[in-house]
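**Student:** Handing you this structure, nothing more for now.
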Amino acid sequence: MTQEAISIRSLNYSYPDGTKALEDVTIKVESGEKVVIIGPNGAGKTTLFLHLNGTIRSLEDNVNVFGKNIGRMATEERIKEVGIVFQDPDDQLFMPTIFDDVAFGPINMGLDEGEVERRVKKALATVGLLGYEDRVPHHMSYGQKKKAALASVLSMEPRILVLDEPTANLDPRSRVDFIRVINDLNKKEGITIVIAMHDVNALPELSDRVYVLNRRVVAEGSPRKIFSDISLLKENNLEAPEVFNLFKVLRCFGYNCDDLPLSMYEAVDVLTKTIEDGNGHIHLHIHEHTHEEVKKIMYSYNHH
Amino acid sequence: MTQEAISIRSLNYSYPDGTKALEDVTIKVESGEKVVIIGPNGAGKTTLFLHLNGTIRSLEDNVNVFGKNIGRMATEERIKEVGIVFQDPDDQLFMPTIFDDVAFGPINMGLDEGEVERRVKKALATVGLLGYEDRVPHHMSYGQKKKAALASVLSMEPRILVLDEPTANLDPRSRVDFIRVINDLNKKEGITIVIAMHDVNALPELSDRVYVLNRRVVAEGSPRKIFSDISLLKENNLEAPEVFNLFKVLRCFGYNCDDLPLSMYEAVDVLTKTIEDGNGHIHLHIHEHTHEEVKKIMYSYNHH
Amino acid sequence: MEYPEIDRYASLKSPIHQFDPRAKIISFSILIFFVVFVNELDIAVINLFFSFILIFISKLPIKFVLNRIKWVLLFVLPFLIIMPFTAGGSELMTIDGIKMTYEGLVLGMLIVLRATSAVMLILTMLATMRFDTTIKALYMLNVPGLLIQMLMFTYRYIFVFLDEFLRMWRAMGSKGFKLKANMYALSMLGNVVGMLIVKSYERADRVYQSMISKGYTGNPKTMVKFNMVAKDYAIAFLLISIAILPYISKVVL
Amino acid sequence: MHISDGVLSSSVIIVGFVITLVLLMITLRCSMKQSDVKEQIPKLSVMAGAFFVASLIHIPVPPTSVHLILNGLMGVVLGVLSYPAIFIGLTLQAVLFQHGGFTTIGINTMNMGIPALLAYGIFKIGYQKGIPLVLIGAISGGLAVFISVIFLAMSLITTGEEFIDIARLIAITHVPIVIIEAIVTGSVVAFLAKVKPELLPIDMER
Ligand SMILES: Nc1ncnc2c1ncn2[C@@H]1O[C@H](COP(=O)(O)OP(=O)(O)OP(=O)(O)O)[C@@H](O)[C@H]1O
Ligand SMILES: Nc1ncnc2c1ncn2[C@@H]1O[C@H](COP(=O)(O)OP(=O)(O)OP(=O)(O)O)[C@@H](O)[C@H]1O
Ligand SMILES: [Mg+2]
Ligand SMILES: [Mg+2]
């Protein structure tokens, strides 16, 4: 039986200056799930995450983690459940060395020295930064800093990992590395993952389910369902992954398949399957409506 | 006859602390061209740009703009030639209101009030921020701040526009808007564009020619040439655009064409052309080596 | 931590909001200096009353005003409580053998009255216009350009750094850190402050670069348009005379 | 720590403004000699903003809380430019938050700024003597606030003899602040020495 890792019911929040950031937000995440939250700049994603680590406290009992109300948890208990990695690694690395930074959480949890060291080692190994203990964060590359920030949260061994824009600003190589680390944590350690991001091309690999947030929860469902809804994307400043858009174009050329792929991996699978299921081949041609349909797709691609 | 907008010859630069940032860099940009510079984090892209606005002065006569040595130009002259938009908009919006920020350059150029106002209006209109004159930067969203930073440089009406990571951190809609604004400036106003960025999916639309920088100039050529060189990409933490990778996969399935498309637009053109040139159709199937070839591509996609 | 938004209510409409910024700054500054140097209790009371009326006319929300006055009261109330017992002078009464003096009480009350009037005047002056307008008005009043620029740039970056600091602070909080007055917590605090300074220093470099690329020469140049009309001169004259009237009458009579 | 309006006598207020104006001119002129105005102004302003934000941090000291002052640290990091930075910071605190007064900007700047300049001197001397950086940082930070408190008390006492007792009381309540400032400044200095030593007035060749 799956258990509810996060349950948020009808959450409202306004900043002191009156900005309404969240309105009647209801979100449920099962234990072991990977959920991505997307939405335009200023949609309230970061604000939502601030509720999960006690920075903002809801007055009602409507933010629960593993069945317990987060507002009533002691700090020590809460940080064992939820670890949050914010967008800018420089905001999270404030100690003189990487070791100190990764040890910061465990020390605050009151663990003994041996355990702190074990956890630092393990966290650094997970992100691939073993041997960097004595480095000054300031002298590392952006991608390395991002990994260090992740390690500094992993060392608290939380059951839920919340990530705010994990792939932003990374060079292509570091981005791929980072995605792999997150997926490994989910698969091998069973950690529940919640991510907010704008990087739609990375989304399919990182999510079982998607919420579209724009102050309210505007939509919920599988990545395929969300990206197939053109008007939803348009209204929320979103875009489908390139692969998905490209297969829409292929469809205009007579490619015939129900489920369009969202990522390169899926593309390979779908192509193979379509060919094998069909008569051993796919036939592309220009039919009566091809140009018109293509025009429509390209228009919504560029002008939404 | 085309004229050389930027000509940099054998430029070397080391930071005072000894970090060698640029080594024997030679770059030429024709007037009206769009050139993108890519390379891993720490490659020296930002350092290179600092030479174009007089922040760092080369002791030799090797940085020229429209045939004139930049070190010997007066400030007023220089800012009419080159406008630089840096990555973080908060670094560039240092005045209390958007109007003041956009008017800052023109006022420093010694223009009269009427002209300053005309230019502010025009620059804000170009980026779509008319009506935001009295707004304070800290009440604007990230995407809006990015546009304001661009406007604050456009108001100087420079002949060359240099952009450091213009699409980073933008939501998909704002990103598309931004790309369009830059392309319009190039096409309609004939402004020469030089961009440094990691966003390879946006690259094909933004560049006629690409330089790969990694302290030295590692490669130069059309986007297609650069992205076709797998070992070059690997050595420089780069990645080809998704569309390009996907067509490589299609090729394994028997798709036959010399020039793989780099963007959605090209994809449509290439598909149409291939079908029309062929026997009116494209035939995809699984041949002897399909699986093996696909595996190779996917491996380099994920593990480079 | 709150945002330094003194001008949150600058968009309200009131006679004081419409008063020309330069005339406002000059006449209120005169008023403030006048108010803090008053030595007569009765005039201090009248001044307080006068400041109340101005606040009332300005339509600033009462909660906002109280929130701002709070800090000043916290500073001056101890004077009111302690001065009567510590200042020398004629005895007013004795509580449990501790002498309370008349002079001390008057001084304490004067301090509280003067401070409260002054802060209300400052609020009425600054909260009724956007802060950028205030800076530009100072520029028009020929305040040295160096200071104008420093005020302008510093003001802008306070918001940037406040956000930056709050993000770091949250990240620490989410790792179980609690600020207490002990050695460990304070030295951790030292790290965050250090980080804030390092980041600001690097940003300072980048800001400088972007100013250079816009032709910055070190001279302030801004475009401002204020037009002072007869009404503004009249209000300025009126304000100052009303304030000084009781004082003059007392001295003359 | 920052004196509000309505407490001090006119002569103290005027003296405060005069001294602050003179010191502003001297410190600005002094640093302009070393490098360009157009480079100093933006950098100084941005750093002043950072210190402004740092000084908003409240530390709970039961039954109340105190906020950081950091004038010693400003002295160590900014050198002579700490004086104008403190002036700008206090002006903005007065007008944006109504912390400290409007007529007292001169005297308050003097009370905070002169100790900052002294802290700069102490730090440099201590460093040359080879005292460990953390220690000399702590001393500079603690001492700067201590001297500020003395200055504050003196401004009150100069206003009138009636203020002697309350000045003493204010001085005593500031003891914990001196200790807190010493610890925080010491650890900031240690941090900077590791991460960005060029921010400290030390010779990195050694
Ligand atoms: N401290 C604050 N005070 C007032 N309003 C705020 C504050 N922080 C955020 N906001 C506002 O609340 C809304 C939600 O902001 P939030 O940062 O949660 O958005 P987001 O979805 O994370 O956006 P992004 O994709 O740009 O990171 C925005 O309108 C923002 O301007
Ligand atoms: N002020 C500085 N002092 C010393 N070294 C520096 C300084 N600024 C940059 N560097 C170093 O110079 C090299 C080039 O840096 P630069 O910022 O130009 O890279 P970049 O290509 O812009 O990288 P990114 O993609 O991360 O923006 C890097 O190794 C960097 O660490
Ligand atoms: Mg966010
Ligand atoms: Mg860069």
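Labeling convention for the structure tokens: chains A, B, ... as they appear, residues from 1 per chain, ligands from 1 in order of appearance.
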Neighbours of Leu238 of chain A within 12 Å (only C-alpha atoms; same-chain residues fewer than 2 positions away dropped), as JSON, numbers by chain?

**Tutor:** {"A": [37, 38, 39, 40, 41, 43, 197, 198, 199, 200, 201, 212, 213, 214, 226, 227, 228, 229, 230, 231, 232, 233, 234, 235, 236, 240, 241, 300, 301, 302, 303, 304], "B": [170, 171, 172, 173, 174, 175, 176]}

**Student:** Since we have the selection now, will you write its residues out, keeping C-alpha atoms, as an mmCIF file, in the first residue's frame?

**Tutor:**
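The new file out.cif reads:
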```cif
data_model
loop_
_atom_site.group_PDB
_atom_site.id
_atom_site.type_symbol
_atom_site.label_atom_id
_atom_site.label_comp_id
_atom_site.auth_asym_id
_atom_site.auth_seq_id
_atom_site.Cartn_x
_atom_site.Cartn_y
_atom_site.Cartn_z
ATOM 1 C CA ILE A 37 5.368 21.349 -10.421
ATOM 2 C CA ILE A 38 5.459 23.725 -13.363
ATOM 3 C CA GLY A 39 4.051 27.189 -13.911
ATOM 4 C CA PRO A 40 5.079 30.659 -15.082
ATOM 5 C CA ASN A 41 7.446 32.975 -13.204
ATOM 6 C CA ALA A 43 3.245 31.259 -9.967
ATOM 7 C CA MET A 197 11.129 23.797 -12.786
ATOM 8 C CA HIS A 198 10.919 25.550 -16.147
ATOM 9 C CA ASP A 199 13.081 23.054 -18.025
ATOM 10 C CA VAL A 200 10.388 21.123 -19.903
ATOM 11 C CA ASN A 201 12.876 19.047 -21.864
ATOM 12 C CA VAL A 212 0.500 22.998 -13.164
ATOM 13 C CA LEU A 213 0.463 25.812 -10.634
ATOM 14 C CA ASN A 214 -0.545 29.371 -11.373
ATOM 15 C CA ILE A 226 -0.460 18.064 -19.554
ATOM 16 C CA PHE A 227 1.598 18.628 -22.683
ATOM 17 C CA SER A 228 -1.223 17.545 -24.976
ATOM 18 C CA ASP A 229 -3.438 20.347 -23.720
ATOM 19 C CA ILE A 230 -2.410 23.234 -25.941
ATOM 20 C CA SER A 231 -4.641 25.864 -24.399
ATOM 21 C CA LEU A 232 -3.430 24.924 -20.914
ATOM 22 C CA LEU A 233 0.157 25.444 -22.032
ATOM 23 C CA LYS A 234 -0.700 28.734 -23.675
ATOM 24 C CA GLU A 235 -2.472 30.140 -20.636
ATOM 25 C CA ASN A 236 0.412 29.281 -18.342
ATOM 26 C CA ALA A 240 5.941 21.135 -24.582
ATOM 27 C CA PRO A 241 9.300 19.327 -24.862
ATOM 28 C CA SER A 300 1.297 27.784 -31.556
ATOM 29 C CA TYR A 301 4.939 26.874 -30.980
ATOM 30 C CA ASN A 302 6.114 30.379 -31.622
ATOM 31 C CA HIS A 303 3.252 32.619 -30.671
ATOM 32 C CA HIS A 304 1.631 31.257 -27.600
ATOM 33 C CA LEU B 170 13.274 32.634 -18.192
ATOM 34 C CA ASP B 171 10.005 30.728 -18.369
ATOM 35 C CA PRO B 172 9.351 29.151 -21.805
ATOM 36 C CA ARG B 173 7.084 31.973 -22.962
ATOM 37 C CA SER B 174 9.457 34.751 -21.931
ATOM 38 C CA ARG B 175 12.285 32.837 -23.573
ATOM 39 C CA VAL B 176 10.480 32.693 -26.910
#
```

**Student:** Based on the backbone DSSP call, show me all residues of segment 16-136 of chain C assigned alpha helix (DSSP H), as an NGL selection string.

**Tutor:** :C and (16-18 or 21-36 or 41-58 or 62-86 or 102-126 or 131-136)

**Student:** Mind running chain A against ligand 2 at 9 Å and telling me each contacting residue's nearest atom pair with the distance in Å (one decimal), counting only C-alpha atoms and all ligand atoms, chain and number ascending, as a tab-separated table?

**Tutor:**
```
residue	atom	partner	partner_atom_place_in_ligand_line	distance
A:His139	CA	ligand 2	31 (O)	7.1
A:Met140	CA	ligand 2	31 (O)	8.0
A:Ser141	CA	ligand 2	26 (O)	7.1
A:Tyr142	CA	ligand 2	26 (O)	6.5
A:Gly143	CA	ligand 2	26 (O)	9.0
A:Asn169	CA	ligand 2	26 (O)	8.4
A:Leu170	CA	ligand 2	26 (O)	8.5
A:Asp171	CA	ligand 2	25 (O)	7.4
```

**Student:** Check which residues fall inside 8 Å of ligand 4 when counting only C-alpha atoms and all ligand atoms, and print them as a list in words.

**Tutor:**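 With only C-alpha atoms and all ligand atoms and a cut-off of 8 Å, ligand 4 is contacted by Asn41, Gly42, Ala43, Gly44, Lys45, Thr46, Thr47, Gln87, Asp164, Glu165 and Ala196 of chain B.
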
**Student:** Since we have the selection now, will you write its residues out, keeping N, CA and C atoms, as an mmCIF file, in the first residue's frame?

**Tutor:**
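Writing done, so here's part-v1.cif:
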```
data_model
loop_
_atom_site.group_PDB
_atom_site.id
_atom_site.type_symbol
_atom_site.label_atom_id
_atom_site.label_comp_id
_atom_site.auth_asym_id
_atom_site.auth_seq_id
_atom_site.Cartn_x
_atom_site.Cartn_y
_atom_site.Cartn_z
ATOM 1 N N ASN B 41 31.218 26.054 -18.392
ATOM 2 C CA ASN B 41 31.349 27.061 -17.335
ATOM 3 C C ASN B 41 32.819 27.378 -17.126
ATOM 4 N N GLY B 42 33.130 28.649 -17.024
ATOM 5 C CA GLY B 42 34.514 29.047 -16.771
ATOM 6 C C GLY B 42 35.384 29.082 -18.003
ATOM 7 N N ALA B 43 34.761 29.081 -19.194
ATOM 8 C CA ALA B 43 35.525 29.031 -20.441
ATOM 9 C C ALA B 43 36.155 30.368 -20.789
ATOM 10 N N GLY B 44 35.654 31.440 -20.197
ATOM 11 C CA GLY B 44 36.209 32.762 -20.498
ATOM 12 C C GLY B 44 35.274 33.635 -21.313
ATOM 13 N N LYS B 45 34.024 33.218 -21.469
ATOM 14 C CA LYS B 45 33.075 33.972 -22.296
ATOM 15 C C LYS B 45 32.837 35.369 -21.718
ATOM 16 N N THR B 46 32.532 35.411 -20.432
ATOM 17 C CA THR B 46 32.274 36.711 -19.803
ATOM 18 C C THR B 46 33.533 37.573 -19.826
ATOM 19 N N THR B 47 34.679 36.955 -19.589
ATOM 20 C CA THR B 47 35.941 37.703 -19.627
ATOM 21 C C THR B 47 36.162 38.328 -20.998
ATOM 22 N N GLN B 87 24.363 38.869 -17.624
ATOM 23 C CA GLN B 87 23.397 37.826 -17.296
ATOM 24 C C GLN B 87 22.384 38.226 -16.229
ATOM 25 N N ASP B 164 25.109 38.243 -22.678
ATOM 26 C CA ASP B 164 25.666 37.140 -21.896
ATOM 27 C C ASP B 164 24.510 36.318 -21.334
ATOM 28 N N GLU B 165 24.319 35.116 -21.829
ATOM 29 C CA GLU B 165 23.261 34.212 -21.392
ATOM 30 C C GLU B 165 21.875 34.850 -21.325
ATOM 31 N N ALA B 196 26.658 34.825 -25.750
ATOM 32 C CA ALA B 196 27.256 33.669 -25.075
ATOM 33 C C ALA B 196 26.131 32.929 -24.393
#
```

**Student:** Might you pull out every residue within 10 Å of Phe56 of chain C, with only C-alpha atoms counted and same-chain residues fewer than 6 positions away left off, and present them as a list in words?

**Tutor:**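 The filter keeps Ser14, Phe50, Ile62 and Thr124 of chain C.
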
**Student:** Using only C-alpha atoms and all ligand atoms, which of B:Met156, B:Leu150, B:Ala168, B:Met109 sits nearest ligand 1?

**Tutor:**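 Ranked by minimum distance to ligand 1, first place goes to B:Ala168.
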
**Student:** Tell me the residues of chain C close to chain D, meaning within 7 Å using only C-alpha atoms, as JSON, numbers by chain.

**Tutor:** {"C": [1, 4, 5, 6, 33, 36, 37, 68, 71, 72, 86, 87, 88, 111, 114, 115, 118, 150, 151, 153, 154, 155, 157, 158, 161, 162, 179, 180, 181, 186, 187, 189, 190, 191, 193, 194, 196, 197, 198, 200, 201, 204, 205, 208, 217, 218]}

**Student:** If you count only C-alpha atoms, which residues fall within 9 Å of Val145 of chain D, apart from same-chain ones fewer than 3 positions away, as a VMD selection string?

**Tutor:** chain D and resid 69 to 72 112 115 to 116 140 to 142 148 to 150 174 177 to 178 181 to 182

**Student:** Return as a VMD selection string the residues belonging to chain C that are within 9 Å of chain B, counting only C-alpha atoms.

**Tutor:** chain C and resid 131 to 132 152 to 157 159 to 160 203 to 204 206 to 217 219 221 to 223

**Student:** With distances taken over only C-alpha atoms, which of B:Glu239, B:Asp277, B:Asp258, B:Asp269 is nearest to chain A?

**Tutor:**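 Counting only C-alpha atoms, the residue closest to chain A is B:Glu239.
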
**Student:** Suppose you want the space between atom CA of Phe17 of chain D and atom CA of Glu2 of chain C; what is it in Å?

**Tutor:**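 Spanning atom CA of Phe17 of chain D to atom CA of Glu2 of chain C is a straight-line distance of 29.3 Å.
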
**Student:** Excluding segment 255-257 of chain B and residues on its chain fewer than 4 positions from it, collect all residues at most 10 Å away from it, counting only C-alpha atoms, and give them as a list of chain:residue names.

**Tutor:**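 Contacts, in chain order: B:Phe247, B:Lys248, B:Val249, B:Leu250, B:Arg251, B:Pro261, B:Val270, B:Leu271, B:Lys273, B:Thr274, B:Gly278, B:Ile282, B:His283, B:Leu284, B:His285.
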
**Student:** From the set B:Ile70, B:Asp17, B:Gln3, B:Glu276, which residue has the shortest atom-to-atom contact distance to chain D, counting only C-alpha atoms?

**Tutor:**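 Between B:Ile70, B:Asp17, B:Gln3, B:Glu276, the residue approaching chain D most closely is B:Asp17.
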